[in-house]
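Colleague: Got a structure for you, questions after.
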Amino acid sequence: MERFRNGRSYKLIQFSTISCFVFVSSFLLIITGVSCASDLSKEDEIFDPNQTVGVTYNGNGHTAGSVPIDAMMYSSIDEIEVLMNTSLIKEGYIFNGWNTMADGSGQQYDENTSFTATSLDLVFYAQWLSEIAYNEFIASNVSIIDFLNVAPLEVGNWYHASVDVFNGSLTLNDGSSNSKLQFQYNSIGIDNKGYLRIKYNPNFRTVSNDGLAVNLSSGSVISSNIFKGDSHAEISGVDHNWGDKNNTYIPILISKENQTHYGYIKVSFNDAAGQLAIHATAYNRLPEKEIFAGQVGQ
C-alpha cells in the first residue's frame with residue numbers, strides 16, 4: 001500500500017500491474033504501469049496524520065474565573081486529556097463537567113478523562129447544575145398524608161410516610177426507614193386526634209421547639225444554626241397542636257455520602273381534617289451551605 005499526502009483526507013490504495021487514473025481528494029493523479037484495485041469505494045477514509053486539531057474551552061455563561069487553556073495541537077494517534085476547571089464560577093450553580101454542545105446535548109466529558117483526537121477542532125462548554133435541587137408536586141398530584149383515615153401498618157398503630165428528598169418523592173404506607181425523613185402517625189384514642197411526628201434520625205431530621213415541629217416562613221435561613229438537639233418533632237396532637245398552616249416550610253437536615261445538606265419540605269396543614277399536604281421538597285446540593293425557605297433554584 002502507498003500513502004498519497006496532499007494535506008487533505010486521503011485513501012490507502014492497493015495497486016496491481018497496469019495503468020489507471022486515480023482521483024485523490026480534489027485533483028486527478030495519473031499513474032502509469034499499475035492499475036487500481038477494482039472497488040475504491042470500499043476503502044476506508046482515515047484521518048490524515050499530518051492534520052492536527054486543537055481544543056478550546058468555553059465558560060458557557062460563567063460569572064467569574066478563567067477557562068482552562070490547552071495550547072497543544074493533536075494528531076490522530078494522540079490522546080487528549082480533558083482539563084480540570086480550576087477557577088470557573090457561575091453564581092448559583094455547580095460546575096458539572098464539559099460538553100461538546102453548550103446546551104448539554106453533545107458528548108459529555110468529565111475532568112481528567114482521555115479520548116482520541118478526531119478530525120475536527122473541539123470546543124468544550126462548561127455545564128452548570130443549579131445549587132438548589134427542587135422538586136414540586138403538581139397541583140393535581142399533591143401528596144397528602146391523611147393520617148386520621150389510614151390503617152396502621154405496625155403493632156402500636158404506627159403509620160409511616162417516607163420523604164425521599166434526594167429523589168423528590170413521597171411514599172405513603174411505607175415501613176419504618178432509617179434512610180429517609182419519615183412522618184409517623186399514632187392513634188392514641190378514639191376521642192382525640194393522636195399525633196403526627198417527624199421521626200428523628202441522625203441522617204434525616206428536622207427542628208423541634210419544646211417537642212413541636214418548627215415551621216418557617218418564606219425567606220427564612222436554614223443552616224446549621226437552627227439544628228440543635230436530637231428529638232422527634234410533633235405536628236399535631238392533644239398536647240402539641242400545630243393549627244392550620246398554609247404553604248409553610250419544615251426545615252430539614254439530610255446526609256448523603258457522609259456530607260450534610262440543608263433543605264425544606266413545603267407543606268400545608270388542615271388541623272380539623274388531619275391532613276398534611278406536601279407541596280414540594282428542596283435541598284442545597286452544596287454540603288453545609290444554607291438554603292432559604294422557598295428557594296427554588298435557577
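Numbering starts fresh at 1 for the residues of each chain in the C-alpha cells, the chains themselves are lettered A, B, ... in the order given, and ligands are numbered from 1 as they appear.
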Can you pull out the residues contacting A:Thr52? Cut-off 10 Å, using only C-alpha atoms, and skip same-chain residues under 5 positions away; I want them as a tab-separated table (two decimals) with N, CA and C atoms, in the first residue's frame.

Modeller:
chain	number	residue	atom	x	y	z
A	47	PHE	N	-8.10	9.59	8.99
A	47	PHE	CA	-7.68	10.92	9.40
A	47	PHE	C	-6.21	11.10	9.05
A	72	MET	N	-1.84	22.76	23.18
A	72	MET	CA	-1.35	21.65	22.37
A	72	MET	C	-2.13	21.53	21.07
A	73	MET	N	-1.47	20.97	20.05
A	73	MET	CA	-2.12	20.53	18.81
A	73	MET	C	-1.98	19.02	18.75
A	74	TYR	N	-3.06	18.32	18.36
A	74	TYR	CA	-3.09	16.88	18.46
A	74	TYR	C	-3.27	16.23	17.08
A	75	SER	N	-2.64	15.08	16.91
A	75	SER	CA	-2.83	14.29	15.69
A	75	SER	C	-3.75	13.12	15.98
A	76	SER	N	-3.96	12.28	14.94
A	76	SER	CA	-4.94	11.20	15.07
A	76	SER	C	-4.54	10.12	16.05
A	78	ASP	N	-2.98	10.77	18.96
A	78	ASP	CA	-2.76	11.36	20.28
A	78	ASP	C	-3.97	11.18	21.19
A	117	ALA	N	-8.04	11.95	19.51
A	117	ALA	CA	-8.36	13.11	18.69
A	117	ALA	C	-9.24	12.74	17.50
A	118	THR	N	-10.08	13.67	17.09
A	118	THR	CA	-10.91	13.50	15.91
A	118	THR	C	-10.38	14.39	14.79
A	119	SER	N	-11.08	14.43	13.67
A	119	SER	CA	-10.63	15.22	12.52
A	119	SER	C	-11.11	16.67	12.58
A	120	LEU	N	-11.78	17.05	13.67
A	120	LEU	CA	-12.30	18.41	13.80
A	120	LEU	C	-11.81	19.04	15.09
A	121	ASP	N	-11.61	20.37	15.05
A	121	ASP	CA	-11.30	21.08	16.27
A	121	ASP	C	-12.47	20.95	17.25

Colleague: Using only C-alpha atoms, determine which residues lie at most 12 Å from A:Tyr283, disregarding the query and same-chain residues fewer than 5 positions distant; provide the list as a ChimeraX atom specification.

Modeller: /A:130-135,164-168,222-223,250-256,260-266,288-297

Colleague: Please write the residues from the selection above to a file, keeping C-alpha atoms, as a JSON list (two decimals), in the first residue's frame.

Modeller:
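What follows is the written file part.json:
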[["chain", "number", "residue", "atom", "x", "y", "z"],
["A", 130, "SER", "CA", -28.37, 24.61, 39.91],
["A", 131, "GLU", "CA", -27.24, 24.56, 43.54],
["A", 132, "ILE", "CA", -30.82, 24.02, 44.65],
["A", 133, "ALA", "CA", -32.44, 20.68, 43.86],
["A", 134, "TYR", "CA", -36.15, 21.50, 43.87],
["A", 135, "ASN", "CA", -38.97, 19.02, 43.30],
["A", 164, "ASP", "CA", -37.01, 10.88, 49.76],
["A", 165, "VAL", "CA", -35.73, 14.43, 49.40],
["A", 166, "PHE", "CA", -32.84, 13.49, 47.11],
["A", 167, "ASN", "CA", -35.23, 11.97, 44.55],
["A", 168, "GLY", "CA", -38.14, 14.30, 45.24],
["A", 222, "ILE", "CA", -31.99, 27.18, 57.02],
["A", 223, "SER", "CA", -28.46, 26.32, 58.14],
["A", 250, "ILE", "CA", -40.38, 22.46, 57.59],
["A", 251, "PRO", "CA", -36.57, 22.76, 57.78],
["A", 252, "ILE", "CA", -34.61, 19.54, 57.27],
["A", 253, "LEU", "CA", -31.08, 18.28, 57.67],
["A", 254, "ILE", "CA", -30.16, 15.39, 55.39],
["A", 255, "SER", "CA", -26.90, 13.46, 54.98],
["A", 256, "LYS", "CA", -25.54, 11.89, 51.82],
["A", 260, "THR", "CA", -24.61, 17.27, 55.40],
["A", 261, "HIS", "CA", -27.11, 19.20, 53.29],
["A", 262, "TYR", "CA", -29.85, 21.60, 54.33],
["A", 263, "GLY", "CA", -33.31, 21.81, 52.80],
["A", 264, "TYR", "CA", -37.03, 22.12, 53.43],
["A", 265, "ILE", "CA", -40.38, 20.48, 52.85],
["A", 266, "LYS", "CA", -43.15, 22.84, 51.78],
["A", 288, "GLU", "CA", -23.02, 22.62, 54.63],
["A", 289, "LYS", "CA", -24.39, 25.55, 52.61],
["A", 290, "GLU", "CA", -27.52, 27.37, 53.73],
["A", 291, "ILE", "CA", -30.79, 27.41, 51.84],
["A", 292, "PHE", "CA", -33.67, 29.85, 52.16],
["A", 293, "ALA", "CA", -37.18, 28.60, 52.79],
["A", 294, "GLY", "CA", -38.98, 28.74, 49.46],
["A", 295, "GLN", "CA", -35.76, 28.94, 47.39],
["A", 296, "VAL", "CA", -36.35, 27.04, 44.15],
["A", 297, "GLY", "CA", -33.03, 27.29, 42.28]]

Colleague: Could you state the separation of atom CA of A:Gln259 and atom CA of A:Ile278 in Å, given to one decimal place?

Modeller: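 If I compute the distance from atom CA of A:Gln259 to atom CA of A:Ile278, I get 25.2 Å.
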
Colleague: Can you pull out the residues contacting A:Gly106? Cut-off 12 Å, using only C-alpha atoms, and skip same-chain residues under 4 positions away; I want them as a list in words.

Modeller: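 Neighbouring residues, sequence-local ones excluded: Trp98, Asn99, Thr100, Met101, Ala102, Leu122, Val123, Phe124, Tyr125, Ala126 and Gln127 of chain A.
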
Colleague: Mind giving me the straight-line distance from atom CA of A:Gly243 to atom CA of A:Asn201 in Å, one decimal?

Modeller: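 Computed distance, atom CA of A:Gly243 to atom CA of A:Asn201, equals 25.1 Å.
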
Colleague: When DSSP works through the backbone of this structure, what residues of stretch 65-165 of chain A end up as strand (DSSP E), shown as a PyMOL selection string?

Modeller: chain A and resi 73-74+79-81+93-99+108-109+114-116+122-130+132-136+143-146+158-164

Colleague: Nearest to A:His279: which of A:Val214, A:Ile198, A:Ile138, A:Val163 is it, counting only C-alpha atoms?

Modeller: A:Ile138
